[in-house]
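Worksheet: the structure to be examined is printed underneath.
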Amino acid sequence: MTWYDELHRLGAASTHQLVAAGATPRALTAAVRAGTLIRVRKGRYAPRGTPAPVLAALRAGARLTCVSAARSYGLWGGMDARTHLLVPKHAGRSAEEPGQVRHWGEAEHGEIWRVSLADCLRSVVRCAEEETAVAVLDTAISAGLTTPRRLPIAFLREPARSRSIAARARPGSDSGVESILRQRLTCRGHLVEQQVAVAGVGRVDARVDGVLFIEVDGYRYHSGRDAFERDRVRDLGMALAGGRRLRFPASLVLSDPDGVVAAIEAVLAREDVTLGNAG
């Protein structure tokens with residue numbers, strides 16, 4: 001592995017890390033001149049094409065934290081598009097730049113541009129609103145980065161509020177949007193089962209109160225002709241199996257979650273009437 005491979009593995013690196021991986025001052029200068037390496041600030045380097053939030057953290061001598069760090073780990077980041085930075089306590093108190101949120105503290109981690117995963121999850125729970133925080137934790141479980149058993153350990157020394165929020169995390173949400181819908185329905189007293197296997201259909205995002213299947217069409221995987229046709233085949237399979245299903249776009253769940261919940265409850269109420277008449 002070359003020093004440049006190590007740089008890509010780390011995402012960004014200090015001069016010390018690169019020299020330890022075999023780089024020389026001459027090689028670093030040549031790479032900067034060639035445009036393959038960015039010298040963000042003294043002693044801090046990043047490869048060309050590094051995302052803007054990472055560069056902002058390096059310039060500030062900080063690390064990505066909270067939802068910004070969550071996104072860097074591939075987790076749900078909520079609707080807060082600001083760049084959250086963990087700034088060392090000893091750093092100068094310069095004016096906060098537009099679009100940034102500064103958190104003050106220390107962090108030990110091999111990557112110089114973001115906090116560790118455990119620190120990321122703890123900071124999300126402390127900083128973000130509760131629904132977003134639970135959604136981040138849910139997606140961390142679904143991504144295999146933690147488990148319902150390991151998660152409480154990361155919060156053992158956190159305040160009671162943080163431990164309570166962490167205890168609400170559940171497996172089964174493949175996206176933050178699915179988690180938000182689960183939380184809204186659960187708070188209304190509904191039983192929500194996630195990733196339910198249905199014969200002839202495959203896995204369905206959720207089943208509510210044992211009778212109504214819900215699917216949330218995400219941004220990435222439900223666009224284009226192939227995805228459209230795949231969804232229609234699944235709808236046909238569900239109809240043949242006699243299941244009731246509602247399908248919502250993720251954008252609607254985010255923009256009008258209360259309206260989505262109301263629609264689900266209206267269908268559930270009609271289902272209860274139907275079952276009552278059948279009895």
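Residue numbers start at 1 in each chain; chains themselves are named A, B, ... in the order of the structure tokens; ligands are numbered from 1 in the order shown.
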- Exercise: range 22-35 of chain A partners within 10 Å, only C-alpha atoms, chain neighbours under 6 positions left out, as a count of residues only: 11
- Could you tell me, as a list in words, which residues of range 145-217 of chain A DSSP assigns to alpha helix (DSSP H) when given the backbone?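 Selection result, alpha helix (DSSP H) within range 145-217 of chain A: Leu151, Pro152, Ile153, Ala154, Ala160, Arg161, Ser162, Arg163, Ser164, Ile165, Ala166, Gly176, Val177, Glu178, Ser179, Ile180, Leu181, Arg182, Gln183, Arg184, Leu185, Thr186 and Cys187 of chain A.
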Enumerate, in order of chain and increasing residue number, the residues of range 37-155 of chain A with an atom no farther than 10 Å from range 183-187 of chain A, each with its shortest atom pair and distance in Å to one decimal, counting only C-alpha atoms, as CSV.
residue,atom,partner,partner_atom,distance
A:Glu131,CA,A:Gln183,CA,7.4
A:Val134,CA,A:Gln183,CA,8.5
A:Ala135,CA,A:Gln183,CA,8.6
- Item | Who sits within 12 Å of Leu181 in chain A, only C-alpha atoms, same chain under 3 positions skipped, as a ChimeraX atom specification | /A:131-132,134-135,172-178,184-188,190,192-194,205-208,214-216,248-262,264
- Distance in Å - CA of Gly78 in chain A versus CA of Arg157 in chain A: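 Between CA of Gly78 in chain A and CA of Arg157 in chain A the gap is 25.1 Å.
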- With distances taken over only C-alpha atoms, which of A:His90, A:Arg102, A:Lys42, A:Arg163 is nearest to Leu121 in chain A?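 Looking at the shortest contact to Leu121 in chain A, the residue is A:Arg163.
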- Tell me, as JSON, numbers by chain, which residues lie within 12 Å of Thr146 in chain A, counting only C-alpha atoms; anything in the same chain fewer than 2 positions away does not count. {"A": [75, 117, 118, 121, 136, 137, 138, 139, 140, 141, 142, 143, 144, 148, 149, 150, 151, 152, 153, 154, 166, 169, 170, 171]}
- In Å, rounded to a single decimal, give me how far CA of Ile38 in chain A is from CA of His109 in chain A.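 For CA of His109 in chain A relative to CA of Ile38 in chain A, the distance reads 21.4 Å.
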- Task: Check the smallest atom-to-atom distance from each of A:Val267, A:Ala70, A:Ala81, A:Ile112 to Ala133 in chain A using only C-alpha atoms, then report the winner.
- Result: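 Counting only C-alpha atoms, the residue closest to Ala133 in chain A is A:Ala70.
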- Query: Can you tell me, as a list of chain:residue names, what residues are no more than 7 Å from Lys89 in chain A when counting only C-alpha atoms, ignoring any on the same chain fewer than 2 positions away?
  - Reply: A:Val87, A:Ala91, A:Trp104, A:Gly105, A:Glu106
Same residues, N, CA, C and O atoms, output as an mmCIF file, in the first residue's frame:
data_model
loop_
_atom_site.group_PDB
_atom_site.id
_atom_site.type_symbol
_atom_site.label_atom_id
_atom_site.label_comp_id
_atom_site.auth_asym_id
_atom_site.auth_seq_id
_atom_site.Cartn_x
_atom_site.Cartn_y
_atom_site.Cartn_z
ATOM 1 N N VAL A 87 -15.035 21.409 17.346
ATOM 2 C CA VAL A 87 -13.861 22.275 17.408
ATOM 3 C C VAL A 87 -13.172 22.070 18.749
ATOM 4 O O VAL A 87 -13.838 22.055 19.793
ATOM 5 N N ALA A 91 -9.182 25.937 20.747
ATOM 6 C CA ALA A 91 -9.144 26.708 19.503
ATOM 7 C C ALA A 91 -9.696 28.114 19.735
ATOM 8 O O ALA A 91 -10.512 28.346 20.630
ATOM 9 N N TRP A 104 -18.079 22.326 20.787
ATOM 10 C CA TRP A 104 -16.751 22.448 21.393
ATOM 11 C C TRP A 104 -16.445 21.219 22.228
ATOM 12 O O TRP A 104 -17.234 20.796 23.072
ATOM 13 N N GLY A 105 -15.283 20.626 21.970
ATOM 14 C CA GLY A 105 -14.905 19.437 22.716
ATOM 15 C C GLY A 105 -13.680 18.782 22.114
ATOM 16 O O GLY A 105 -13.076 19.296 21.170
ATOM 17 N N GLU A 106 -13.319 17.634 22.651
ATOM 18 C CA GLU A 106 -12.148 16.893 22.194
ATOM 19 C C GLU A 106 -12.590 15.522 21.694
ATOM 20 O O GLU A 106 -13.601 14.990 22.138
#
- Message: Can you tell me which residues surround Gly49 in chain A at a distance of at most 10 Å, considering only C-alpha atoms, apart from same-chain residues fewer than 6 positions away, and format the answer as a list in words?
- Response: Thr36, Leu37, Ile38 and Leu55 of chain A
Would you save the residues of that selection, restricted to C-alpha atoms, as a CSV table (one decimal), in the first residue's frame?
chain,number,residue,atom,x,y,z
A,36,THR,CA,-4.0,15.2,-7.2
A,37,LEU,CA,-3.6,16.4,-3.6
A,38,ILE,CA,-5.1,19.3,-1.7
A,55,LEU,CA,-12.7,20.3,3.6
- Item | Å distance separating CA of Ala197 in chain A from CA of Ser179 in chain A, one decimal place |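 Between CA of Ala197 in chain A and CA of Ser179 in chain A the gap is 18.1 Å.
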- Which of range 32-227 of chain A counts as strand (DSSP E or B) under DSSP, as number ranges by chain please? A: 37-41, 44-47, 63-64, 83-87, 100-104, 114, 192-198, 202-208, 212-217
- Task: Measuring atom to atom with only C-alpha atoms, identify which of A:Asp217, A:Glu97, A:Glu129, A:Glu108 is nearest to Asp80 in chain A.
- Result: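 Closest candidate: A:Glu129.
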